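Novice: Input structure: protein.cif, which contains mmCIF, C-alpha atoms.
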```cif
data_model
loop_
_atom_site.label_atom_id
_atom_site.label_comp_id
_atom_site.auth_asym_id
_atom_site.auth_seq_id
_atom_site.Cartn_x
_atom_site.Cartn_y
_atom_site.Cartn_z
CA MET A 1355 -7.90 20.61 2.53
CA PRO A 1356 -4.18 19.88 2.88
CA THR A 1357 -1.83 22.19 0.97
CA SER A 1358 0.38 19.24 0.04
CA VAL A 1359 -0.06 15.50 -0.36
CA THR A 1360 2.26 12.51 -0.20
CA VAL A 1361 1.70 10.02 -3.01
CA VAL A 1362 2.73 6.47 -2.06
CA GLU A 1363 3.53 4.56 -5.26
CA VAL A 1364 2.51 0.91 -4.91
CA GLY A 1365 2.90 -0.13 -8.55
CA PRO A 1366 6.04 -2.26 -8.16
CA ARG A 1367 4.34 -4.32 -5.44
CA ASP A 1368 0.55 -4.09 -5.52
CA GLY A 1369 0.53 -3.20 -9.20
CA LEU A 1370 2.58 -6.20 -10.29
CA GLN A 1371 1.45 -8.89 -7.84
CA ASN A 1372 -1.63 -9.78 -9.89
CA GLU A 1373 -0.06 -9.54 -13.36
CA PRO A 1374 -0.34 -12.91 -15.16
CA VAL A 1375 2.72 -12.31 -17.35
CA ALA A 1376 6.11 -12.80 -15.68
CA VAL A 1377 8.08 -9.57 -15.29
CA SER A 1378 11.87 -9.83 -15.27
CA ALA A 1379 14.00 -8.63 -12.38
CA ASP A 1380 15.67 -6.13 -14.73
CA ALA A 1381 12.29 -4.64 -15.63
CA LYS A 1382 11.25 -4.37 -11.98
CA VAL A 1383 14.47 -2.64 -10.97
CA ALA A 1384 14.16 -0.17 -13.86
CA PHE A 1385 10.51 0.48 -12.95
CA VAL A 1386 11.28 1.32 -9.31
CA GLU A 1387 14.17 3.57 -10.30
CA ALA A 1388 12.08 5.41 -12.92
CA LEU A 1389 9.28 6.02 -10.42
CA ALA A 1390 11.69 7.47 -7.87
CA ALA A 1391 13.19 9.65 -10.60
CA ALA A 1392 9.68 10.96 -11.34
CA GLY A 1393 9.59 12.65 -7.95
CA LEU A 1394 7.76 10.06 -5.87
CA ARG A 1395 9.07 10.14 -2.31
CA VAL A 1396 7.68 6.72 -1.30
CA VAL A 1397 7.93 3.76 -3.69
CA GLU A 1398 6.81 0.38 -2.34
CA ALA A 1399 9.44 -1.76 -4.00
CA THR A 1400 8.46 -5.43 -3.55
CA SER A 1401 7.11 -8.05 -1.16
CA PHE A 1402 8.94 -10.63 0.95
CA VAL A 1403 5.99 -12.99 1.21
CA ALA A 1404 6.41 -16.69 0.45
CA PRO A 1405 7.30 -17.08 -3.25
CA SER A 1406 4.54 -19.67 -3.64
CA ALA A 1407 1.92 -17.13 -2.45
CA ILE A 1408 2.83 -14.36 -4.92
CA PRO A 1409 4.96 -15.92 -7.70
CA GLN A 1410 5.31 -12.60 -9.52
CA LEU A 1411 7.35 -11.22 -6.60
CA ALA A 1412 9.34 -14.38 -5.84
CA ASP A 1413 12.53 -12.59 -6.94
CA ALA A 1414 12.41 -9.94 -4.17
CA ASP A 1415 15.75 -11.13 -2.77
CA GLU A 1416 17.35 -10.38 -6.15
CA VAL A 1417 15.43 -7.24 -7.07
CA PHE A 1418 15.68 -5.13 -3.94
CA PRO A 1419 19.49 -5.10 -3.50
CA ARG A 1420 19.89 -4.01 -7.13
CA ILE A 1421 17.77 -0.87 -6.80
CA ARG A 1422 19.85 2.31 -6.86
CA ARG A 1423 18.21 4.23 -4.06
CA ARG A 1424 17.79 7.98 -4.21
CA GLU A 1425 18.39 10.29 -1.29
CA GLY A 1426 15.10 11.33 0.29
CA VAL A 1427 13.09 8.44 -1.17
CA ARG A 1428 11.63 5.73 1.04
CA TYR A 1429 11.39 2.17 -0.35
CA PRO A 1430 9.10 0.10 1.92
CA VAL A 1431 8.73 -3.65 1.40
CA LEU A 1432 5.80 -5.82 2.39
CA VAL A 1433 6.62 -8.38 5.10
CA PRO A 1434 4.18 -10.98 6.52
CA ASN A 1435 6.23 -12.62 9.27
CA VAL A 1436 9.64 -13.06 10.91
CA ARG A 1437 10.99 -15.07 7.97
CA GLY A 1438 10.01 -12.29 5.59
CA MET A 1439 11.63 -9.77 7.92
CA GLU A 1440 14.87 -11.75 7.87
CA ARG A 1441 14.85 -11.72 4.06
CA ALA A 1442 14.11 -8.00 3.97
CA GLU A 1443 16.92 -7.26 6.39
CA ALA A 1444 19.38 -9.37 4.38
CA ALA A 1445 18.35 -7.54 1.19
CA GLY A 1446 19.13 -4.15 2.72
CA ALA A 1447 15.62 -2.78 3.26
CA GLU A 1448 15.07 0.18 5.58
CA ALA A 1449 11.27 0.45 5.64
CA VAL A 1450 8.64 -2.21 6.14
CA ALA A 1451 4.89 -2.68 5.73
CA VAL A 1452 2.66 -5.28 7.38
CA PHE A 1453 -0.86 -6.15 6.31
CA THR A 1454 -4.09 -7.36 7.84
CA ALA A 1455 -7.78 -6.78 7.11
CA ALA A 1456 -11.03 -5.69 8.72
CA SER A 1457 -12.87 -8.94 7.96
CA GLU A 1458 -12.01 -12.37 9.33
CA THR A 1459 -12.78 -14.32 6.15
CA PHE A 1460 -10.60 -12.16 3.95
CA THR A 1461 -7.75 -12.27 6.46
CA ARG A 1462 -7.86 -16.05 6.52
CA ARG A 1463 -8.03 -16.26 2.71
CA ASN A 1464 -5.23 -13.71 2.29
CA ILE A 1465 -2.72 -14.69 4.97
CA GLY A 1466 -4.09 -17.88 6.50
CA MET A 1467 -4.81 -16.60 10.01
CA SER A 1468 -7.29 -14.61 12.05
CA ILE A 1469 -7.09 -10.85 12.50
CA ALA A 1470 -5.85 -11.30 16.06
CA GLY A 1471 -3.34 -13.90 14.89
CA SER A 1472 -2.03 -11.56 12.20
CA LEU A 1473 -1.45 -8.78 14.71
CA GLU A 1474 0.51 -11.16 16.94
CA ALA A 1475 2.55 -12.32 13.96
CA PHE A 1476 3.47 -8.69 13.23
CA ARG A 1477 4.64 -7.96 16.77
CA PRO A 1478 8.17 -9.41 16.42
CA VAL A 1479 8.44 -7.99 12.87
CA LEU A 1480 7.66 -4.47 14.05
CA GLU A 1481 9.80 -4.83 17.17
CA ARG A 1482 12.80 -5.81 15.03
CA ALA A 1483 12.10 -3.02 12.55
CA SER A 1484 11.95 -0.56 15.43
CA GLU A 1485 15.29 -1.82 16.78
CA LEU A 1486 16.80 -1.19 13.34
CA GLY A 1487 15.28 2.28 13.11
CA TRP A 1488 13.15 1.42 10.08
CA TRP A 1489 10.03 3.30 9.04
CA ARG A 1490 6.97 1.13 9.63
CA ARG A 1491 3.60 1.04 7.87
CA GLY A 1492 0.44 -1.02 8.37
CA TYR A 1493 -2.35 -1.88 5.94
CA VAL A 1494 -6.00 -2.52 6.82
CA SER A 1495 -7.60 -4.19 3.79
CA THR A 1496 -11.38 -4.54 3.19
CA ALA A 1497 -12.01 -1.45 5.34
CA PHE A 1498 -15.03 -0.47 3.22
CA GLY A 1499 -16.37 -3.90 2.32
CA CYS A 1500 -15.36 -7.54 2.03
CA PRO A 1501 -15.89 -9.79 -1.00
CA TYR A 1502 -16.93 -12.60 1.36
CA GLU A 1503 -18.67 -10.87 4.27
CA GLY A 1504 -20.07 -7.69 2.70
CA ASP A 1505 -20.30 -4.58 4.89
CA VAL A 1506 -17.61 -3.87 7.47
CA GLU A 1507 -18.29 -1.87 10.64
CA PRO A 1508 -16.28 1.38 10.94
CA GLY A 1509 -15.59 0.56 14.60
CA VAL A 1510 -13.70 -2.58 13.58
CA VAL A 1511 -11.51 -0.52 11.23
CA VAL A 1512 -10.74 1.90 14.07
CA GLU A 1513 -9.82 -0.92 16.48
CA ILE A 1514 -7.41 -2.56 14.04
CA THR A 1515 -5.85 0.77 13.09
CA GLU A 1516 -5.21 1.59 16.72
CA ALA A 1517 -3.75 -1.89 17.29
CA LEU A 1518 -1.29 -1.41 14.42
CA LEU A 1519 -0.23 1.99 15.76
CA GLU A 1520 0.24 0.51 19.25
CA LEU A 1521 2.45 -2.19 17.71
CA GLY A 1522 4.73 0.52 16.35
CA CYS A 1523 3.48 1.51 12.90
CA HIS A 1524 4.16 5.13 11.99
CA GLU A 1525 1.29 5.17 9.51
CA VAL A 1526 -1.73 3.00 8.66
CA SER A 1527 -3.20 2.78 5.16
CA ILE A 1528 -6.96 2.20 5.04
CA GLY A 1529 -7.85 0.07 2.00
CA ASP A 1530 -10.90 -0.08 -0.25
CA THR A 1531 -9.75 -3.46 -1.50
CA ILE A 1532 -12.64 -4.19 -3.86
CA GLY A 1533 -13.49 -0.62 -4.83
CA VAL A 1534 -16.95 -0.43 -3.26
CA ALA A 1535 -16.53 2.83 -1.34
CA GLU A 1536 -18.53 5.96 -2.02
CA PRO A 1537 -17.56 9.42 -0.70
CA ASP A 1538 -20.04 9.10 2.19
CA ASP A 1539 -18.31 5.85 3.20
CA VAL A 1540 -14.95 7.62 3.23
CA ARG A 1541 -16.43 10.36 5.42
CA THR A 1542 -18.04 7.87 7.81
CA ARG A 1543 -14.89 5.82 8.33
CA GLY A 1544 -12.64 8.86 8.22
CA GLU A 1545 -14.62 10.67 10.90
CA ALA A 1546 -14.63 7.57 13.10
CA LEU A 1547 -10.87 7.17 12.69
CA LEU A 1548 -10.10 10.85 13.26
CA GLU A 1549 -11.85 10.74 16.64
CA ARG A 1550 -9.05 8.41 17.78
CA VAL A 1551 -6.15 8.80 15.32
CA PRO A 1552 -4.37 11.94 14.02
CA ALA A 1553 -4.81 12.60 10.30
CA ASP A 1554 -1.04 12.52 9.73
CA ARG A 1555 -0.96 8.86 10.84
CA LEU A 1556 -3.48 7.81 8.17
CA ALA A 1557 -3.37 7.06 4.44
CA LEU A 1558 -6.06 5.95 1.98
CA HIS A 1559 -5.62 3.09 -0.47
CA LEU A 1560 -8.45 3.38 -3.00
CA HIS A 1561 -9.32 1.09 -5.87
CA ASP A 1562 -11.10 2.41 -8.94
CA THR A 1563 -13.26 -0.65 -9.65
CA ARG A 1564 -16.38 1.47 -10.13
CA GLY A 1565 -14.69 4.71 -11.16
CA ARG A 1566 -15.16 6.35 -7.75
CA ALA A 1567 -11.58 6.61 -6.57
CA LEU A 1568 -11.06 10.30 -7.33
CA ALA A 1569 -14.34 11.32 -5.71
CA ASN A 1570 -13.26 9.30 -2.68
CA VAL A 1571 -9.89 11.08 -2.64
CA GLU A 1572 -11.72 14.42 -2.52
CA ALA A 1573 -13.75 13.18 0.44
CA GLY A 1574 -10.53 12.16 2.18
CA LEU A 1575 -8.91 15.51 1.45
CA GLU A 1576 -11.88 17.32 2.98
CA LEU A 1577 -11.17 15.37 6.17
CA GLY A 1578 -7.53 16.50 6.15
CA ILE A 1579 -6.00 13.16 5.16
CA ALA A 1580 -2.87 13.93 3.13
CA THR A 1581 -1.38 10.56 2.10
CA TYR A 1582 -2.76 8.46 -0.78
CA ASP A 1583 -1.63 5.20 -2.32
CA ALA A 1584 -1.65 4.91 -6.11
CA SER A 1585 -0.24 2.70 -8.85
CA ALA A 1586 1.32 3.79 -12.14
CA GLY A 1587 -1.21 3.15 -14.88
CA GLY A 1588 -3.83 1.99 -12.36
CA THR A 1589 -2.45 -1.54 -12.42
CA GLY A 1590 -2.94 -4.10 -9.69
CA GLY A 1591 -5.49 -5.56 -7.37
CA CYS A 1592 -5.44 -8.22 -4.72
CA PRO A 1593 -5.19 -11.81 -6.02
CA PHE A 1594 -7.16 -12.97 -2.96
CA ALA A 1595 -10.10 -10.59 -3.44
CA PRO A 1596 -12.46 -11.51 -6.29
CA GLY A 1597 -13.54 -8.46 -8.30
CA ALA A 1598 -10.74 -6.20 -7.07
CA PRO A 1599 -8.94 -4.95 -10.19
CA GLY A 1600 -7.55 -1.50 -10.65
CA ASN A 1601 -5.74 0.63 -8.12
CA LEU A 1602 -6.13 4.37 -8.36
CA ALA A 1603 -3.79 5.50 -11.17
CA THR A 1604 -0.94 7.70 -9.98
CA GLU A 1605 -1.33 9.91 -13.04
CA SER A 1606 -5.03 10.44 -12.33
CA LEU A 1607 -4.37 11.26 -8.70
CA CYS A 1608 -1.74 13.82 -9.69
CA GLY A 1609 -4.16 15.37 -12.19
CA LEU A 1610 -6.81 15.80 -9.49
CA LEU A 1611 -4.30 17.34 -7.08
CA ASP A 1612 -3.14 19.75 -9.79
CA ARG A 1613 -6.72 20.86 -10.44
CA LEU A 1614 -7.21 21.46 -6.72
CA GLY A 1615 -3.93 23.36 -6.40
CA ILE A 1616 -2.44 20.85 -3.97
CA GLU A 1617 1.31 20.25 -4.14
CA HIS A 1618 2.58 16.70 -4.63
CA GLY A 1619 5.99 16.95 -6.34
CA VAL A 1620 5.36 14.17 -8.86
CA ASP A 1621 5.98 14.39 -12.60
CA ALA A 1622 2.87 12.57 -13.84
CA ALA A 1623 4.18 12.36 -17.42
CA ALA A 1624 7.32 10.62 -16.15
CA VAL A 1625 5.20 8.18 -14.13
CA GLU A 1626 3.15 7.39 -17.24
CA ALA A 1627 6.35 6.85 -19.22
CA ALA A 1628 7.67 4.49 -16.54
CA GLY A 1629 4.50 2.42 -16.72
CA LEU A 1630 4.57 2.28 -20.51
CA ALA A 1631 8.24 1.29 -20.49
CA LEU A 1632 7.51 -1.53 -18.05
CA ARG A 1633 4.66 -2.87 -20.16
CA ALA A 1634 6.79 -2.70 -23.30
CA ARG A 1635 9.56 -4.68 -21.61
CA PHE A 1636 7.44 -7.54 -20.33
CA ALA A 1637 5.25 -7.60 -23.41
CA ALA A 1638 8.41 -8.20 -25.39
CA GLY A 1639 9.37 -11.02 -23.03
#
```
Would you put the structure from the file into C-alpha cells?
Specialist:
Amino acid sequence: MPTSVTVVEVGPRDGLQNEPVAVSADAKVAFVEALAAAGLRVVEATSFVAPSAIPQLADADEVFPRIRRREGVRYPVLVPNVRGMERAEAAGAEAVAVFTAASETFTRRNIGMSIAGSLEAFRPVLERASELGWWRRGYVSTAFGCPYEGDVEPGVVVEITEALLELGCHEVSIGDTIGVAEPDDVRTRGEALLERVPADRLALHLHDTRGRALANVEAGLELGIATYDASAGGTGGCPFAPGAPGNLATESLCGLLDRLGIEHGVDAAAVEAAGLALRARFAAG
C-alpha cells in the first residue's frame, strides 16, 4: 500500500452542485478557505459550466477571484469548453479539470455530446491550459456502471483514460458515479488501467451509495493508487445520474487512512467543522 495519500476535496464543486438550496457566494468562499486551512492540498473550488446547466455554481466568476489562496494548495476548476476556459482564465484559475464518461448515453445526457466529441472539445482547453502552465486533470465518469446502459467494459475505461493523458492531463480520476462498484470491480478496472497507465497518474472518485466506498478505497490502495476524491460530509452526486447521491465523506476517508497508518495531512475534525459551518450558513439563508 502507499505510505501516503493525496485527498482531493471536491465538496465545493461536486458536493454543492446537486444541493437544492441556494448557497451564497460568501458561504462558498468561506467553505473553500476552511477546507484548505484543514490541510487539504487539492480543493476543487467551483465549475465554469454554463450557469443554466448547474445553477448552484452560476456564481463561479464571483466566487473564485475572492478565494484567498494558500501556498502549496491547488484549486482546480471544472471547465467543459473554450468558453468555460476563458471564464476560468479571467477569474485567475491556475488548475483545470475536464470531464467525460465511459458510456455514450451518460455523456450525451451530461454534456450533450458523444465521448469522441467531448475529447475533441477538451483539446483546445487543455492546449491553452498547457500554454499557461496550469495543472490539468481529467474525469472519467460511469467507469463502473451507467444508470442508462448498465455495465461498462474495463477496456473502454482504459481507452478514454489514455486519450485524456495524451491530450495533456497530468492525472485522470476514475469515477464510480452511481456507487455500484464492489472491491472486485475496483481490482478489475485498476489492473486493466495499470497495465497501460502508471499508478501516480490515476485517482479514484468513489460514491458511497451502497456503503461500499471505504472497502473500494482499500482495494485501490492494494493496487498502489494513492489519490482519492472525497467530499466534506459526503455531500454531492451528479444531477445527471439518477440514483447517484453521496460522495465518499472526506472525514471517513481520513479515518480509514489513519487506521491503516497511511499519511494524508488532513485535519478531519476541521473538515467536519467546515461542512457544518457551511450547512449552518445556508440553512439560515
Novice: May I have the residues within 7 Å of segment 1509-1523 of chain A as a short mmCIF file (atom, residue, chain, number, x, y, z; two decimals) with C-alpha atoms, in the frame of the given file, using all atoms listed in the file and disregarding those fewer than 3 positions away in the same chain?
Specialist:
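What landed in around29.cif:
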```cif
data_model
loop_
_atom_site.label_atom_id
_atom_site.label_comp_id
_atom_site.auth_asym_id
_atom_site.auth_seq_id
_atom_site.Cartn_x
_atom_site.Cartn_y
_atom_site.Cartn_z
CA ALA A 1456 -11.03 -5.69 8.72
CA ARG A 1477 4.64 -7.96 16.77
CA LEU A 1480 7.66 -4.47 14.05
CA ARG A 1490 6.97 1.13 9.63
CA ARG A 1491 3.60 1.04 7.87
CA GLY A 1492 0.44 -1.02 8.37
CA ALA A 1497 -12.01 -1.45 5.34
CA VAL A 1526 -1.73 3.00 8.66
CA ALA A 1546 -14.63 7.57 13.10
CA LEU A 1547 -10.87 7.17 12.69
#
```
Novice: Between A:Gly1369, A:Pro1419, A:Pro1356, A:Gly1615, which has the minimum distance to His1561 of chain A (counting all atoms listed in the file)?
Specialist: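 Of all the options, A:Gly1369 lies closest to His1561 of chain A.
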Novice: What lies within 7 Å of Val1534 of chain A using all atoms listed in the file, ignoring chain neighbours under 4 positions off, as a list in words?
Specialist: Phe1498, Gly1499 and Asp1530 of chain A
Novice: Using only C-alpha atoms, please write the residues we just selected to a file, as a CSV table (one decimal), in the frame of the given file.
Specialist:
```csv
chain,number,residue,atom,x,y,z
A,1498,PHE,CA,-15.0,-0.5,3.2
A,1499,GLY,CA,-16.4,-3.9,2.3
A,1530,ASP,CA,-10.9,-0.1,-0.2
```
Novice: Please determine, counting all atoms listed in the file, which residue among A:Ile1421, A:Ala1388, A:Val1551, A:Ala1483 has the shortest atom-to-atom distance to Ala1623 of chain A.
Specialist: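 Once distances to Ala1623 of chain A are computed over all atoms listed in the file, the minimum belongs to A:Ala1388.
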Novice: Kindly resolve the PyMOL selection byres ((chain A and resi 1460) around 10) on the present coordinates and return the residues as a VMD selection string.
Specialist: chain A and resid 1454 to 1459 1461 to 1469 1495 to 1496 1500 to 1503 1594 to 1595
Novice: My structure is short of atoms at segment 1550-1561 of chain A; please model all heavy atoms there, returning them as a PDB file, in the frame of the given file.
Specialist:
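Printed below is part-v1.pdb as written:
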```pdb
ATOM      1  N   ARG A1550     -10.032   9.162  16.964  1.00  0.00           N
ATOM      2  CA  ARG A1550      -9.050   8.410  17.780  1.00  0.00           C
ATOM      3  C   ARG A1550      -7.627   8.492  17.254  1.00  0.00           C
ATOM      4  O   ARG A1550      -6.680   8.203  17.993  1.00  0.00           O
ATOM      5  CB  ARG A1550      -9.472   6.933  17.821  1.00  0.00           C
ATOM      6  CG  ARG A1550     -10.917   6.688  18.243  1.00  0.00           C
ATOM      7  CD  ARG A1550     -11.106   6.776  19.724  1.00  0.00           C
ATOM      8  NE  ARG A1550     -10.484   5.658  20.408  1.00  0.00           N
ATOM      9  CZ  ARG A1550     -11.107   4.495  20.643  1.00  0.00           C
ATOM     10  NH1 ARG A1550     -12.352   4.307  20.225  1.00  0.00           N
ATOM     11  NH2 ARG A1550     -10.490   3.536  21.294  1.00  0.00           N
ATOM     12  N   VAL A1551      -7.474   8.854  15.968  1.00  0.00           N
ATOM     13  CA  VAL A1551      -6.150   8.800  15.320  1.00  0.00           C
ATOM     14  C   VAL A1551      -5.881  10.124  14.604  1.00  0.00           C
ATOM     15  O   VAL A1551      -6.761  10.616  13.880  1.00  0.00           O
ATOM     16  CB  VAL A1551      -6.103   7.644  14.295  1.00  0.00           C
ATOM     17  CG1 VAL A1551      -4.752   7.596  13.600  1.00  0.00           C
ATOM     18  CG2 VAL A1551      -6.403   6.312  14.968  1.00  0.00           C
ATOM     19  N   PRO A1552      -4.675  10.710  14.753  1.00  0.00           N
ATOM     20  CA  PRO A1552      -4.370  11.940  14.020  1.00  0.00           C
ATOM     21  C   PRO A1552      -4.351  11.712  12.510  1.00  0.00           C
ATOM     22  O   PRO A1552      -3.960  10.637  12.040  1.00  0.00           O
ATOM     23  CB  PRO A1552      -2.967  12.317  14.532  1.00  0.00           C
ATOM     24  CG  PRO A1552      -2.792  11.559  15.799  1.00  0.00           C
ATOM     25  CD  PRO A1552      -3.597  10.303  15.657  1.00  0.00           C
ATOM     26  N   ALA A1553      -4.748  12.717  11.758  1.00  0.00           N
ATOM     27  CA  ALA A1553      -4.810  12.600  10.300  1.00  0.00           C
ATOM     28  C   ALA A1553      -3.451  12.270   9.696  1.00  0.00           C
ATOM     29  O   ALA A1553      -3.366  11.567   8.675  1.00  0.00           O
ATOM     30  CB  ALA A1553      -5.357  13.884   9.681  1.00  0.00           C
ATOM     31  N   ASP A1554      -2.365  12.751  10.307  1.00  0.00           N
ATOM     32  CA  ASP A1554      -1.040  12.520   9.730  1.00  0.00           C
ATOM     33  C   ASP A1554      -0.520  11.102   9.972  1.00  0.00           C
ATOM     34  O   ASP A1554       0.569  10.750   9.527  1.00  0.00           O
ATOM     35  CB  ASP A1554      -0.016  13.551  10.226  1.00  0.00           C
ATOM     36  CG  ASP A1554       0.212  13.510  11.721  1.00  0.00           C
ATOM     37  OD1 ASP A1554      -0.374  12.641  12.425  1.00  0.00           O
ATOM     38  OD2 ASP A1554       0.975  14.362  12.220  1.00  0.00           O
ATOM     39  N   ARG A1555      -1.320  10.263  10.666  1.00  0.00           N
ATOM     40  CA  ARG A1555      -0.960   8.860  10.840  1.00  0.00           C
ATOM     41  C   ARG A1555      -1.760   7.959   9.903  1.00  0.00           C
ATOM     42  O   ARG A1555      -1.631   6.732   9.963  1.00  0.00           O
ATOM     43  CB  ARG A1555      -1.207   8.415  12.295  1.00  0.00           C
ATOM     44  CG  ARG A1555      -0.545   9.259  13.359  1.00  0.00           C
ATOM     45  CD  ARG A1555       0.958   9.106  13.385  1.00  0.00           C
ATOM     46  NE  ARG A1555       1.412   7.778  13.713  1.00  0.00           N
ATOM     47  CZ  ARG A1555       1.542   7.303  14.965  1.00  0.00           C
ATOM     48  NH1 ARG A1555       1.198   8.048  15.999  1.00  0.00           N
ATOM     49  NH2 ARG A1555       2.018   6.091  15.175  1.00  0.00           N
ATOM     50  N   LEU A1556      -2.580   8.575   9.028  1.00  0.00           N
ATOM     51  CA  LEU A1556      -3.480   7.810   8.170  1.00  0.00           C
ATOM     52  C   LEU A1556      -3.166   8.023   6.695  1.00  0.00           C
ATOM     53  O   LEU A1556      -2.698   9.092   6.285  1.00  0.00           O
ATOM     54  CB  LEU A1556      -4.934   8.234   8.412  1.00  0.00           C
ATOM     55  CG  LEU A1556      -5.514   7.950   9.792  1.00  0.00           C
ATOM     56  CD1 LEU A1556      -6.881   8.607   9.919  1.00  0.00           C
ATOM     57  CD2 LEU A1556      -5.617   6.442  10.046  1.00  0.00           C
ATOM     58  N   ALA A1557      -3.430   6.985   5.907  1.00  0.00           N
ATOM     59  CA  ALA A1557      -3.370   7.060   4.440  1.00  0.00           C
ATOM     60  C   ALA A1557      -4.613   6.357   3.905  1.00  0.00           C
ATOM     61  O   ALA A1557      -5.237   5.549   4.601  1.00  0.00           O
ATOM     62  CB  ALA A1557      -2.106   6.395   3.917  1.00  0.00           C
ATOM     63  N   LEU A1558      -4.963   6.645   2.650  1.00  0.00           N
ATOM     64  CA  LEU A1558      -6.060   5.950   1.980  1.00  0.00           C
ATOM     65  C   LEU A1558      -5.532   5.197   0.778  1.00  0.00           C
ATOM     66  O   LEU A1558      -4.729   5.732  -0.004  1.00  0.00           O
ATOM     67  CB  LEU A1558      -7.149   6.938   1.546  1.00  0.00           C
ATOM     68  CG  LEU A1558      -8.024   7.509   2.656  1.00  0.00           C
ATOM     69  CD1 LEU A1558      -8.988   8.549   2.089  1.00  0.00           C
ATOM     70  CD2 LEU A1558      -8.806   6.413   3.373  1.00  0.00           C
ATOM     71  N   HIS A1559      -6.000   3.963   0.645  1.00  0.00           N
ATOM     72  CA  HIS A1559      -5.620   3.090  -0.470  1.00  0.00           C
ATOM     73  C   HIS A1559      -6.921   2.748  -1.204  1.00  0.00           C
ATOM     74  O   HIS A1559      -7.698   1.908  -0.758  1.00  0.00           O
ATOM     75  CB  HIS A1559      -4.948   1.827   0.071  1.00  0.00           C
ATOM     76  CG  HIS A1559      -4.458   0.890  -0.971  1.00  0.00           C
ATOM     77  ND1 HIS A1559      -3.113   0.683  -1.210  1.00  0.00           N
ATOM     78  CD2 HIS A1559      -5.111   0.091  -1.834  1.00  0.00           C
ATOM     79  CE1 HIS A1559      -2.968  -0.210  -2.181  1.00  0.00           C
ATOM     80  NE2 HIS A1559      -4.183  -0.586  -2.582  1.00  0.00           N
ATOM     81  N   LEU A1560      -7.154   3.438  -2.330  1.00  0.00           N
ATOM     82  CA  LEU A1560      -8.450   3.380  -3.000  1.00  0.00           C
ATOM     83  C   LEU A1560      -8.349   2.690  -4.348  1.00  0.00           C
ATOM     84  O   LEU A1560      -7.477   3.018  -5.159  1.00  0.00           O
ATOM     85  CB  LEU A1560      -8.980   4.806  -3.189  1.00  0.00           C
ATOM     86  CG  LEU A1560      -9.161   5.577  -1.878  1.00  0.00           C
ATOM     87  CD1 LEU A1560      -9.335   7.060  -2.140  1.00  0.00           C
ATOM     88  CD2 LEU A1560     -10.342   5.018  -1.081  1.00  0.00           C
ATOM     89  N   HIS A1561      -9.236   1.743  -4.570  1.00  0.00           N
ATOM     90  CA  HIS A1561      -9.320   1.090  -5.870  1.00  0.00           C
ATOM     91  C   HIS A1561     -10.388   1.765  -6.721  1.00  0.00           C
ATOM     92  O   HIS A1561     -11.349   2.330  -6.193  1.00  0.00           O
ATOM     93  CB  HIS A1561      -9.630  -0.398  -5.709  1.00  0.00           C
ATOM     94  CG  HIS A1561      -8.438  -1.203  -5.283  1.00  0.00           C
ATOM     95  ND1 HIS A1561      -8.258  -2.514  -5.645  1.00  0.00           N
ATOM     96  CD2 HIS A1561      -7.371  -0.883  -4.528  1.00  0.00           C
ATOM     97  CE1 HIS A1561      -7.119  -2.969  -5.124  1.00  0.00           C
ATOM     98  NE2 HIS A1561      -6.572  -2.000  -4.437  1.00  0.00           N
TER      99      HIS A1561
END
```
